[in-house]
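Single-structure report; data block below.
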Amino acid sequence: MSLPHLTVVVPAYNEASRLGPSLGRIAAYYRAQAYPWNVIVADDGSTDDTRRIATDFAKGNPEFTVLSYSPNRGKGCAVRTGMLAAEGDIVLFMDADLATPLEETGKLLPHLAEGAQGAIGSRPLRESRLERRQPKWREAIGRLANKLIQTFGVRGIQDTQCGFKMFTREAAHEIFRRSKLDGFSFDFEALMLARDLGYRIDEVPIRWAHQEGSKVVFWRDYPRALRDLVKLRLMGRKRRMSVVVDAEDA
């Protein structure tokens with residue numbers, strides 16, 4: 001029985017200060033695994049040295065590919081670009097800050113082997129371990145946002161925003177060729193689409209540590225996310241399911 005091929009997607013926008021060490025850690029970890037793998041760095045129109053750092057790293061590490069575009073469009077666009085280009089049997093996207101340790105990959109993989117189409121890291125689960133927490137005011141706003149998202153968007157999923165999500169390639173392509181949001185709302189849009197498509201998405205307890213340097217600006221991005229949530233709900237399943245990106249053209 002052949003082992004699954006894993007494609008890892010790393011969205012990156014102005015990550016020059018930490019991208020090099022993160023890519024080194026990613027390479028070291030996955031080279032120690034038994035399954036084949038590759039990495040796509042999706043550069044979201046960075047204005048610093050992110051693209052150069054990723055490209056230079058890829059020159060010496062053939063498992064790595066860099067996809068870059070300009071101008072900056074948002075994390076959702078970067079993730080969608082990488083997910084639709086992924087060729088692995090399984091596709092995982094993770095944040096460049098590695099807030100969720102790479103070792104947590106091994107917790108998600110069995111869920112797909114057992115029939116789930118997706119497995120997502122979830123910080124509020126009792127078994128999860130938050131090694132370094134966010135500031136209390138950010139946690140409070142995050143909990144409120146999660147309650148609203150559960151009420152109006154994705155019932156039963158406690159953490160839609162954790163940047164550590166794994167899908168089968170078929171599910172990833174079906175979800176992300178329908179996704180329409182370029183900003184941070186893409187996470188719950190993707191999970192709403194997964195539900196629309198009838199996919200089983202398992203929440204998995206993980207280790208997680210807050211990292212400084214988040215690109216989320218709470219007072220700008222959370223009101224925008226709530227508007228996106230209402231818009232997606234009002235669209236209804238039929239309009240959400242309309243295809244706006246063809247995976248073959250990505």
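By order of appearance in the structure tokens: chains A, B, ..., then residues from 1 within every chain, and ligands from 1 in the order shown.
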*Enumerate the residues of region 35-215 of chain A with a DSSP assignment of alpha helix (DSSP H), computed from the backbone, and present them as a ChimeraX atom specification.*
/A:50-60,75-85,105-113,136-152,169-176,186-196
*Just the residues within 9 Å of Val9 (chain A), please, counting only C-alpha atoms, with nothing from its chain fewer than 6 positions along; format it as a VMD selection string.*
chain A and resid 38 to 42 79 82 to 83 86 91 to 95
*Among listed residues A:Gly236, A:Gly45, A:Pro110, A:Gly88, nearest Pro11 (chain A) (using only C-alpha atoms)*: A:Gly45
*Residue nearest Gly156 (chain A) - candidates A:Ala99, A:Leu130, A:Met192, A:Ala172, atoms counted: only C-alpha atoms*: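 Of the candidates, the smallest distance to Gly156 (chain A) is held by A:Met192.
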*What does the distance between CA of His210 (chain A) and CA of Leu112 (chain A) come to in Å, to one decimal place?*
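Those two atoms sit 26.6 Å apart.
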*What lies within 7 Å of Tyr13 (chain A) using only C-alpha atoms, ignoring chain neighbours under 6 positions off, as an NGL selection string?*
:A and (43-46)
Dump as a CSV table (one decimal), in the first residue's frame, selection limited to N, CA and C atoms:
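Result file part-v8.csv:
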```
chain,number,residue,atom,x,y,z
A,43,ASP,N,3.3,33.5,-2.2
A,43,ASP,CA,3.6,34.8,-1.9
A,43,ASP,C,2.5,35.8,-2.3
A,44,ASP,N,1.9,36.4,-1.3
A,44,ASP,CA,0.7,37.3,-1.5
A,44,ASP,C,1.1,38.7,-1.8
A,45,GLY,N,1.9,38.9,-2.9
A,45,GLY,CA,2.3,40.3,-3.3
A,45,GLY,C,3.1,41.0,-2.2
A,46,SER,N,4.1,40.3,-1.6
A,46,SER,CA,4.9,40.9,-0.5
A,46,SER,C,5.7,42.1,-1.1
```
*From the list A:Gly106, A:Gly163, A:Gly115, A:Gly198, which residue is nearest Gly76 (chain A) when using only C-alpha atoms?*
A:Gly163
*asked:* Can you pull out the residues contacting Arg178 (chain A)? Cut-off 12 Å, using only C-alpha atoms, and skip same-chain residues under 2 positions away; I want them as JSON, numbers by chain.
replied: {"A": [77, 80, 83, 84, 171, 172, 173, 174, 175, 176, 180, 181, 182, 186, 189, 190, 191, 192, 193, 194, 196, 197, 237, 238, 239, 240, 241, 242, 243, 244, 245, 246, 247]}
Now that the selection is made, can you save its residues with C-alpha atoms as a compact mmCIF listing (two decimals), in the first residue's frame?
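Saved the output as part14.txt:
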```txt
# COMPACT_ATOMS: atom_id res chain seq x y z
CA CYS A 77 -6.23 34.49 -2.18
CA ARG A 80 -6.62 29.45 -2.64
CA MET A 83 -4.55 24.78 -2.65
CA LEU A 84 -5.62 24.75 -6.29
CA ALA A 171 -12.07 18.25 -1.25
CA ALA A 172 -9.50 21.06 -1.35
CA HIS A 173 -10.05 21.63 -5.05
CA GLU A 174 -13.85 21.46 -4.80
CA ILE A 175 -13.88 23.89 -1.87
CA PHE A 176 -11.33 26.43 -3.03
CA LYS A 180 -14.73 33.96 -3.30
CA LEU A 181 -13.21 35.81 -0.34
CA ASP A 182 -9.63 37.00 -0.46
CA PHE A 186 -11.81 32.69 3.82
CA GLU A 189 -16.16 30.45 4.00
CA ALA A 190 -14.16 27.29 3.24
CA LEU A 191 -15.84 25.43 6.09
CA MET A 192 -19.30 26.61 5.01
CA LEU A 193 -18.54 25.31 1.52
CA ALA A 194 -17.31 22.03 2.98
CA ASP A 196 -22.51 22.62 1.54
CA LEU A 197 -20.62 19.86 -0.27
CA ARG A 237 -26.17 27.41 -0.64
CA LYS A 238 -26.77 27.69 -4.40
CA ARG A 239 -24.87 30.96 -4.81
CA ARG A 240 -22.11 29.91 -2.40
CA MET A 241 -21.63 26.75 -4.45
CA SER A 242 -21.20 28.58 -7.75
CA VAL A 243 -17.74 28.05 -9.22
CA VAL A 244 -15.65 31.17 -9.71
CA VAL A 245 -12.23 29.55 -10.08
CA ASP A 246 -11.44 26.58 -12.26
CA ALA A 247 -8.81 24.40 -10.62
```
*Using CA of Lys107 (chain A) and CA of Met166 (chain A) as the two end points, give the distance in Å to one decimal.*
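Rounded to one decimal, the two atoms are 10.6 Å apart.
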*Could you check which of A:Thr100, A:Thr55, A:Thr7, A:Thr81 is closest to Gln211 (chain A), using only C-alpha atoms?*
A:Thr100
*Considering only C-alpha atoms, state which residue in the set A:Ala54, A:Leu125, A:Leu232, A:Ala12 is at the smallest distance from Ile149 (chain A).*
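Closest candidate: A:Leu232.
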*asked:* Env of Asp159 (chain A): 7 Å cut, atoms = only C-alpha atoms, seq-sep filter 2 positions within chain, self excluded. Answer as a list in words.
replied: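 Listed by chain and then number, they are Ser122, Arg123, Pro124, Asn146, Ile157, Gln161 and Cys162 of chain A.
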_In region 17-231 of chain A, DSSP strand (DSSP E) residues written as JSON, numbers by chain_ = {"A": [37, 38, 39, 40, 41, 42, 43, 44, 64, 65, 66, 67, 68, 69, 90, 91, 92, 93, 94, 118, 119, 120, 121, 122, 129, 130, 131, 132, 164, 165, 166, 167, 168, 201, 202, 203, 204, 205, 207, 208, 209]}
